[in-house]
Amino acid sequence: MGCSASDVAAAVRAAATVVAANRDELVRLDRAIGDGDHGENLNRGFAAVLASLDQSTPDTPAAVLKLVATTLISKVGGAAGPLYGTAFLRASTSLGSAASVGPGEVVAALEAALGGVVARGKASPEDKTMVDALDPAVRAAATASGSVAEVLGAAAAAAERGAEATVPLVARKGRASYLGERSVGHLDPGARSTALLLRSFADSAAGS
Amino acid sequence: MTRVGLVVISHSAGLAAGVVEVARQMAPDVAVVAAGGTADGGVGTDFDAVGAAVEQASGGAGVVLLYDLGSARMVAELAVEALPEPDSAVVVDAPLVEGTVAAAVAAQGGADLAGVAAAARSSAGSPEPAAPASGTAGEPPPESRVRVRLTNEIGLHARPAALTARTLSGLDADVTVHFGDKAADGTSVLALMALGARGGDEVTVSATGPMAEEALRAFQDLAARGFDE
């Protein structure tokens, strides 16, 4: 059984709750090596996503993701807006008009999302960014087998490990790059939020 | 004349407005539009505001977008991608203030989209030092030169530099303004300003090309009028 538009919408709502719950931690991480607004920005963005979902009922999984994308782009005033916005936009495009998505489509969507993030932000692995969580997540998803829940579970676990692995890295992108060596020893907030989102999507897929 | 328009994107509304203010002083007929800060007046970027600014700056000749820091660049690129004609706008990687000033003056002089973008990009880095005396093969082109004393108090700073660049851009001549051991392209606002020539200083202006004599007279004229200060 694949994921329908309402399944994806429910997963997005759950993700918004996770973002809100972790807002303070994301602010703390971003305060250490950024400008301190990642948690606030993402929370505002996803709150706006919830409001958008309350007003309209997108009729395909792609339409749900596109709504997330355009809302984040408009409402998130830091780097996360364009980056997550592009990620969700590319994922949406990859799903086309399908009424339901299975594991293969999820892998393709994750790959498209990563492609969008890299094209937009031009980060490479080990630059200490969200790419350090998303890149291993995509590779894990591509080699995972089984259901949507299993694919997302593999992606989430790899993202969590990838986020942890950003701790010793020297930032080479974004505000943290201005800190240079002083960014070492801190977990990248963008990698953390990516891991949180993927884990939330995985939990939603497992629960449905 | 339809001129290229400019959009100045910053995480700060004040910063964007300030850059626009400076640029418009140098390029009074160019649409230079600010898009700074978030919708609620905070620090950050606003995608919708950038889109609106591009629309406002569009006169039919295209728009150049300049930004302060990284995430502003991404919002600018997203905004351009969302345009009905993405090729009508260019996001330029340049220092925000210097790039906007150089772009504004180029646009005022009627440069096209590529020319304005190039002017902005080349604003990074210091101007070229004076060329060494020619020891290479080939005759140098016939050159006229004249010494001019600057009588206005601020000399070749800001507005006078902009007026000079605008005036000389319209003439078919290659003009170089020399001061001390530095030389500046007469059509480059930033290079002229970097000479640091002030009231009371004497500069030497050299020109080659079909309108070399006119160019020298034009500069002498401006200096005699105190650059209309």
# chains A, B, ... in the order shown; residues from 1 in each chain; ligands from 1
>>> residues_around(residues="Asp46 in chain B", least_positions_apart="6", cutoff="8 Å", atoms="only C-alpha atoms", output="CSV table (one decimal) with C-alpha atoms, in the first residue's frame")
chain,number,residue,atom,x,y,z
A,74,SER,CA,8.0,32.6,1.5
A,75,LYS,CA,8.1,32.4,5.3
A,76,VAL,CA,11.6,31.3,6.3
A,77,GLY,CA,13.9,34.2,6.1
B,35,ALA,CA,14.6,44.5,-0.8
B,36,GLY,CA,15.9,44.3,2.8
B,37,GLY,CA,14.8,42.5,6.0
B,38,THR,CA,11.9,40.2,6.6
B,39,ALA,CA,8.2,41.0,6.3
B,75,VAL,CA,16.7,33.9,-2.4
>>> closest_atom_pairs(of="chain B", to="chain A", cutoff="10 Å", atoms="only C-alpha atoms", output="tab-separated table")
residue	atom	partner	partner_atom	distance
B:His11	CA	A:Gly77	CA	8.5
B:Gly37	CA	A:Gly77	CA	8.3
B:Thr38	CA	A:Gly77	CA	6.4
B:Ala39	CA	A:Lys75	CA	8.7
B:Gly42	CA	A:Gly77	CA	9.1
B:Val43	CA	A:Gly77	CA	8.0
B:Gly44	CA	A:Gly77	CA	4.8
B:Thr45	CA	A:Gly77	CA	4.6
B:Asp46	CA	A:Gly77	CA	5.8
B:Phe47	CA	A:Ser74	CA	5.5
B:Asp48	CA	A:Ser74	CA	6.2
B:Ala49	CA	A:Ser74	CA	9.2
B:Leu69	CA	A:Gly174	CA	8.8
B:Gly70	CA	A:Gly174	CA	6.6
B:Ser71	CA	A:Ala79	CA	4.6
B:Ala72	CA	A:Ala79	CA	7.8
B:Arg73	CA	A:Gly121	CA	9.2
B:Met74	CA	A:Pro82	CA	6.1
B:Val75	CA	A:Pro82	CA	6.0
B:Ala76	CA	A:Pro82	CA	9.5
B:Glu77	CA	A:Arg120	CA	8.2
B:Leu78	CA	A:Pro82	CA	7.2
B:Ala79	CA	A:Ile73	CA	9.9
>>> write_last_selection(atoms="C-alpha atoms", output="mmCIF file, in the first residue's frame")
data_model
loop_
_atom_site.group_PDB
_atom_site.id
_atom_site.type_symbol
_atom_site.label_atom_id
_atom_site.label_comp_id
_atom_site.auth_asym_id
_atom_site.auth_seq_id
_atom_site.Cartn_x
_atom_site.Cartn_y
_atom_site.Cartn_z
ATOM 1 C CA HIS B 11 19.220 40.892 5.487
ATOM 2 C CA GLY B 37 14.840 42.516 5.965
ATOM 3 C CA THR B 38 11.898 40.236 6.623
ATOM 4 C CA ALA B 39 8.201 41.032 6.262
ATOM 5 C CA GLY B 42 13.423 41.646 11.322
ATOM 6 C CA VAL B 43 16.841 40.594 10.079
ATOM 7 C CA GLY B 44 16.593 38.116 7.223
ATOM 8 C CA THR B 45 15.500 37.850 3.610
ATOM 9 C CA ASP B 46 12.039 37.942 2.079
ATOM 10 C CA PHE B 47 11.460 36.043 -1.161
ATOM 11 C CA ASP B 48 8.180 37.803 -1.935
ATOM 12 C CA ALA B 49 9.758 41.215 -1.384
ATOM 13 C CA LEU B 69 25.452 37.473 2.233
ATOM 14 C CA GLY B 70 24.996 33.856 1.177
ATOM 15 C CA SER B 71 21.359 33.144 1.936
ATOM 16 C CA ALA B 72 20.367 36.357 0.189
ATOM 17 C CA ARG B 73 22.027 34.999 -2.922
ATOM 18 C CA MET B 74 19.895 31.855 -2.775
ATOM 19 C CA VAL B 75 16.690 33.878 -2.383
ATOM 20 C CA ALA B 76 17.761 36.055 -5.325
ATOM 21 C CA GLU B 77 18.381 33.007 -7.500
ATOM 22 C CA LEU B 78 15.043 31.495 -6.514
ATOM 23 C CA ALA B 79 13.293 34.756 -7.372
#
>>> select_by_dssp(residues="range 3-207 of chain B", states="strand (DSSP E)", output="compact mmCIF listing (two decimals) with N, CA, C and O atoms, in the first residue's frame")
# COMPACT_ATOMS: atom_id res chain seq x y z
N GLY B 5 17.55 47.93 -14.59
CA GLY B 5 17.21 48.26 -13.21
C GLY B 5 18.03 47.42 -12.24
O GLY B 5 18.61 46.40 -12.63
N LEU B 6 18.10 47.87 -11.00
CA LEU B 6 18.88 47.15 -9.99
C LEU B 6 18.01 46.82 -8.78
O LEU B 6 17.13 47.60 -8.41
N VAL B 7 18.27 45.66 -8.19
CA VAL B 7 17.63 45.30 -6.93
C VAL B 7 18.72 45.04 -5.92
O VAL B 7 19.64 44.27 -6.18
N VAL B 8 18.61 45.67 -4.76
CA VAL B 8 19.61 45.53 -3.70
C VAL B 8 19.00 44.72 -2.57
O VAL B 8 18.04 45.15 -1.94
N ILE B 9 19.53 43.52 -2.35
CA ILE B 9 18.96 42.60 -1.37
C ILE B 9 19.86 42.51 -0.15
O ILE B 9 21.06 42.28 -0.27
N SER B 10 19.27 42.72 1.00
CA SER B 10 20.06 42.61 2.22
C SER B 10 19.23 41.97 3.32
O SER B 10 18.00 42.02 3.29
N VAL B 32 16.64 51.80 -8.85
CA VAL B 32 17.40 51.00 -7.89
C VAL B 32 16.44 50.73 -6.73
O VAL B 32 16.01 51.66 -6.05
N VAL B 33 16.07 49.48 -6.54
CA VAL B 33 15.02 49.14 -5.58
C VAL B 33 15.56 48.28 -4.45
O VAL B 33 16.27 47.31 -4.68
N ALA B 34 15.21 48.64 -3.23
CA ALA B 34 15.69 47.90 -2.05
C ALA B 34 14.76 46.74 -1.72
O ALA B 34 13.54 46.84 -1.87
N ALA B 35 15.35 45.64 -1.27
CA ALA B 35 14.57 44.51 -0.75
C ALA B 35 15.35 44.00 0.46
O ALA B 35 16.18 43.11 0.34
N GLY B 36 15.11 44.62 1.60
CA GLY B 36 15.89 44.26 2.77
C GLY B 36 15.03 43.87 3.96
O GLY B 36 13.95 44.42 4.17
N VAL B 63 17.13 43.29 -15.30
CA VAL B 63 17.40 43.67 -13.90
C VAL B 63 18.64 42.94 -13.41
O VAL B 63 18.81 41.75 -13.67
N VAL B 64 19.49 43.66 -12.69
CA VAL B 64 20.64 43.04 -12.02
C VAL B 64 20.33 43.03 -10.52
O VAL B 64 19.90 44.03 -9.96
N LEU B 65 20.53 41.86 -9.90
CA LEU B 65 20.29 41.73 -8.47
C LEU B 65 21.62 41.62 -7.74
O LEU B 65 22.50 40.85 -8.15
N LEU B 66 21.77 42.37 -6.65
CA LEU B 66 22.96 42.28 -5.81
C LEU B 66 22.51 41.93 -4.39
O LEU B 66 21.41 42.27 -3.98
N TYR B 67 23.39 41.25 -3.64
CA TYR B 67 22.98 40.75 -2.33
C TYR B 67 24.12 40.93 -1.35
O TYR B 67 25.28 41.11 -1.75
N ALA B 89 16.93 38.63 -15.93
CA ALA B 89 17.53 39.09 -14.69
C ALA B 89 18.79 38.30 -14.39
O ALA B 89 18.90 37.13 -14.75
N VAL B 90 19.74 38.97 -13.75
CA VAL B 90 21.02 38.34 -13.44
C VAL B 90 21.37 38.62 -11.97
O VAL B 90 21.28 39.76 -11.53
N VAL B 91 21.75 37.58 -11.25
CA VAL B 91 22.23 37.76 -9.89
C VAL B 91 23.75 37.85 -9.96
O VAL B 91 24.40 36.98 -10.53
N SER B 144 46.55 62.41 -26.57
CA SER B 144 46.54 63.80 -26.14
C SER B 144 46.48 63.80 -24.63
O SER B 144 45.87 62.92 -24.03
N ARG B 145 47.11 64.79 -24.04
CA ARG B 145 46.96 64.86 -22.60
C ARG B 145 46.95 66.30 -22.13
O ARG B 145 47.47 67.19 -22.79
N VAL B 146 46.36 66.47 -20.98
CA VAL B 146 46.20 67.82 -20.46
C VAL B 146 46.25 67.75 -18.94
O VAL B 146 45.86 66.75 -18.33
N ARG B 147 46.77 68.80 -18.32
CA ARG B 147 46.81 68.85 -16.86
C ARG B 147 45.65 69.71 -16.39
O ARG B 147 45.38 70.78 -16.94
N VAL B 148 44.96 69.21 -15.38
CA VAL B 148 43.78 69.92 -14.90
C VAL B 148 43.85 70.02 -13.38
O VAL B 148 44.05 69.01 -12.69
N ARG B 149 43.63 71.25 -12.89
CA ARG B 149 43.61 71.39 -11.44
C ARG B 149 42.15 71.30 -10.96
O ARG B 149 41.25 71.89 -11.55
N ASP B 174 39.24 56.60 -25.34
CA ASP B 174 39.72 55.91 -24.14
C ASP B 174 40.41 56.95 -23.28
O ASP B 174 41.43 57.51 -23.69
N VAL B 175 39.87 57.20 -22.13
CA VAL B 175 40.39 58.27 -21.29
C VAL B 175 40.98 57.70 -20.02
O VAL B 175 40.38 56.83 -19.39
N THR B 176 42.16 58.20 -19.66
CA THR B 176 42.78 57.78 -18.41
C THR B 176 43.07 59.03 -17.59
O THR B 176 43.60 60.01 -18.11
N VAL B 177 42.71 58.99 -16.33
CA VAL B 177 43.01 60.10 -15.43
C VAL B 177 44.14 59.64 -14.51
O VAL B 177 44.05 58.60 -13.87
N HIS B 178 45.21 60.45 -14.48
CA HIS B 178 46.38 60.10 -13.69
C HIS B 178 46.49 61.02 -12.49
O HIS B 178 46.30 62.24 -12.61
N PHE B 179 46.83 60.44 -11.34
CA PHE B 179 47.11 61.26 -10.17
C PHE B 179 48.22 60.57 -9.40
O PHE B 179 48.04 59.43 -8.96
N LYS B 182 49.07 56.71 -9.73
CA LYS B 182 47.88 55.91 -10.02
C LYS B 182 47.21 56.39 -11.30
O LYS B 182 47.29 57.56 -11.65
N ALA B 183 46.57 55.45 -11.97
CA ALA B 183 45.84 55.79 -13.18
C ALA B 183 44.45 55.17 -13.09
O ALA B 183 44.28 54.08 -12.54
N ALA B 184 43.48 55.87 -13.63
CA ALA B 184 42.11 55.37 -13.57
C ALA B 184 41.45 55.49 -14.93
O ALA B 184 41.60 56.49 -15.62
N ASP B 185 40.70 54.47 -15.27
CA ASP B 185 39.86 54.52 -16.46
C ASP B 185 38.82 55.62 -16.22
O ASP B 185 38.12 55.61 -15.22
N GLU B 202 46.24 68.41 -8.74
CA GLU B 202 46.29 68.47 -10.20
C GLU B 202 46.33 67.05 -10.75
O GLU B 202 47.15 66.24 -10.33
N VAL B 203 45.42 66.78 -11.67
CA VAL B 203 45.43 65.48 -12.32
C VAL B 203 45.85 65.67 -13.77
O VAL B 203 45.75 66.77 -14.32
N THR B 204 46.33 64.60 -14.36
CA THR B 204 46.65 64.62 -15.78
C THR B 204 45.67 63.70 -16.48
O THR B 204 45.46 62.56 -16.05
N VAL B 205 45.06 64.19 -17.53
CA VAL B 205 44.09 63.39 -18.27
C VAL B 205 44.66 63.11 -19.64
O VAL B 205 45.08 64.02 -20.35
N SER B 206 44.69 61.83 -20.00
CA SER B 206 45.18 61.46 -21.33
C SER B 206 44.05 60.73 -22.06
O SER B 206 43.22 60.07 -21.44
N ALA B 207 44.02 60.89 -23.38
CA ALA B 207 42.94 60.25 -24.13
C ALA B 207 43.44 59.83 -25.50
O ALA B 207 44.28 60.51 -26.10
>>> select_by_dssp(residues="range 57-161 of chain A", states="alpha helix (DSSP H)", output="ChimeraX atom specification")
/A:61-75,80-95,103-121,131-143,148-161
>>> write_last_selection(atoms="C-alpha atoms", output="short mmCIF file (atom, residue, chain, number, x, y, z; two decimals), in the first residue's frame")
data_model
loop_
_atom_site.label_atom_id
_atom_site.label_comp_id
_atom_site.auth_asym_id
_atom_site.auth_seq_id
_atom_site.Cartn_x
_atom_site.Cartn_y
_atom_site.Cartn_z
CA PRO A 61 1.50 13.79 -2.65
CA ALA A 62 3.39 16.11 -5.03
CA ALA A 63 0.92 18.92 -4.37
CA VAL A 64 1.41 18.56 -0.61
CA LEU A 65 5.18 18.82 -0.98
CA LYS A 66 4.87 21.78 -3.32
CA LEU A 67 2.74 23.58 -0.76
CA VAL A 68 5.42 22.93 1.85
CA ALA A 69 8.07 24.24 -0.53
CA THR A 70 6.40 27.50 -1.48
CA THR A 71 5.38 28.20 2.11
CA LEU A 72 8.92 27.65 3.42
CA ILE A 73 10.39 29.80 0.65
CA SER A 74 8.04 32.65 1.49
CA LYS A 75 8.09 32.39 5.26
CA ALA A 80 16.81 27.21 5.50
CA GLY A 81 14.03 28.80 3.42
CA PRO A 82 15.68 28.52 0.02
CA LEU A 83 17.39 25.24 0.90
CA TYR A 84 14.47 23.28 2.34
CA GLY A 85 12.18 25.04 -0.11
CA THR A 86 14.20 23.81 -3.06
CA ALA A 87 14.46 20.34 -1.51
CA PHE A 88 10.68 19.99 -1.17
CA LEU A 89 10.12 21.57 -4.59
CA ARG A 90 12.42 19.10 -6.36
CA ALA A 91 10.91 16.21 -4.41
CA SER A 92 7.46 17.38 -5.44
CA THR A 93 8.43 17.58 -9.10
CA SER A 94 9.88 14.07 -8.99
CA LEU A 95 6.54 12.65 -7.78
CA PRO A 103 9.39 3.06 -1.83
CA GLY A 104 10.86 3.65 -5.30
CA GLU A 105 9.22 7.07 -5.56
CA VAL A 106 10.40 7.96 -2.06
CA VAL A 107 14.00 7.17 -3.01
CA ALA A 108 13.68 9.26 -6.17
CA ALA A 109 12.16 12.12 -4.20
CA LEU A 110 15.00 12.05 -1.69
CA GLU A 111 17.57 12.03 -4.49
CA ALA A 112 15.84 14.96 -6.15
CA ALA A 113 15.74 16.81 -2.85
CA LEU A 114 19.47 16.33 -2.34
CA GLY A 115 20.14 17.47 -5.90
CA GLY A 116 18.14 20.62 -5.24
CA VAL A 117 19.94 21.39 -1.99
CA VAL A 118 23.35 20.98 -3.60
CA ALA A 119 22.39 23.04 -6.64
CA ARG A 120 21.00 25.82 -4.46
CA GLY A 121 23.59 25.97 -1.71
CA VAL A 131 24.17 17.96 3.15
CA ASP A 132 26.18 15.94 5.67
CA ALA A 133 22.91 14.45 6.90
CA LEU A 134 20.99 14.36 3.63
CA ASP A 135 23.70 12.81 1.47
CA PRO A 136 24.18 9.68 3.63
CA ALA A 137 20.40 9.50 4.02
CA VAL A 138 19.92 9.33 0.26
CA ARG A 139 22.60 6.69 -0.16
CA ALA A 140 21.07 4.58 2.58
CA ALA A 141 17.60 4.95 1.10
CA ALA A 142 18.83 3.93 -2.34
CA THR A 143 20.25 0.65 -1.02
CA VAL A 148 8.28 3.15 2.48
CA ALA A 149 8.68 2.91 6.25
CA GLU A 150 11.82 0.81 5.93
CA VAL A 151 13.36 3.08 3.29
CA LEU A 152 12.66 6.20 5.36
CA GLY A 153 13.88 4.41 8.49
CA ALA A 154 17.21 3.68 6.82
CA ALA A 155 17.40 7.28 5.59
CA ALA A 156 16.64 8.68 9.04
CA ALA A 157 19.25 6.52 10.77
CA ALA A 158 21.90 7.53 8.25
CA ALA A 159 20.93 11.20 8.63
CA GLU A 160 21.26 10.98 12.39
CA ARG A 161 24.73 9.47 12.08
#
>>> atom_distance(atom1="CA of Ala165 in chain A", atom2="CA of Ser183 in chain A")
13.2 Å
>>> residues_around(residues="Gly186 in chain B", least_positions_apart="6", cutoff="12 Å", atoms="only C-alpha atoms", output="VMD selection string")
chain B and resid 127 156 160 to 171 173 to 178 192 to 195 203 to 208 212 215 to 216 218 to 219
>>> write_last_selection(atoms="C-alpha atoms", output="compact mmCIF listing (two decimals), in the first residue's frame")
# COMPACT_ATOMS: atom_id res chain seq x y z
CA PRO B 127 41.87 49.33 -9.64
CA LEU B 156 37.12 63.54 -7.74
CA PRO B 160 32.05 64.31 -9.35
CA ALA B 161 33.47 60.89 -10.18
CA ALA B 162 30.08 59.68 -11.24
CA LEU B 163 29.47 62.77 -13.38
CA THR B 164 32.89 62.35 -14.98
CA ALA B 165 32.29 58.66 -15.71
CA ARG B 166 28.86 59.37 -17.19
CA THR B 167 30.17 62.17 -19.37
CA LEU B 168 33.19 60.27 -20.66
CA SER B 169 31.25 57.02 -21.25
CA GLY B 170 29.29 58.73 -23.94
CA LEU B 171 32.39 59.71 -25.95
CA ALA B 173 37.62 57.83 -26.64
CA ASP B 174 39.72 55.91 -24.14
CA VAL B 175 40.39 58.27 -21.29
CA THR B 176 42.78 57.78 -18.41
CA VAL B 177 43.01 60.10 -15.43
CA HIS B 178 46.38 60.10 -13.69
CA LEU B 192 38.35 57.59 -10.30
CA MET B 193 37.42 57.73 -6.63
CA ALA B 194 40.33 55.52 -5.73
CA LEU B 195 42.76 58.10 -7.11
CA VAL B 203 45.43 65.48 -12.32
CA THR B 204 46.65 64.62 -15.78
CA VAL B 205 44.09 63.39 -18.27
CA SER B 206 45.18 61.46 -21.33
CA ALA B 207 42.94 60.25 -24.13
CA THR B 208 43.17 58.28 -27.35
CA ALA B 212 40.14 62.22 -27.67
CA ALA B 215 37.03 64.03 -24.11
CA LEU B 216 39.82 66.19 -22.73
CA ALA B 218 34.77 67.69 -21.60
CA PHE B 219 36.83 66.89 -18.53
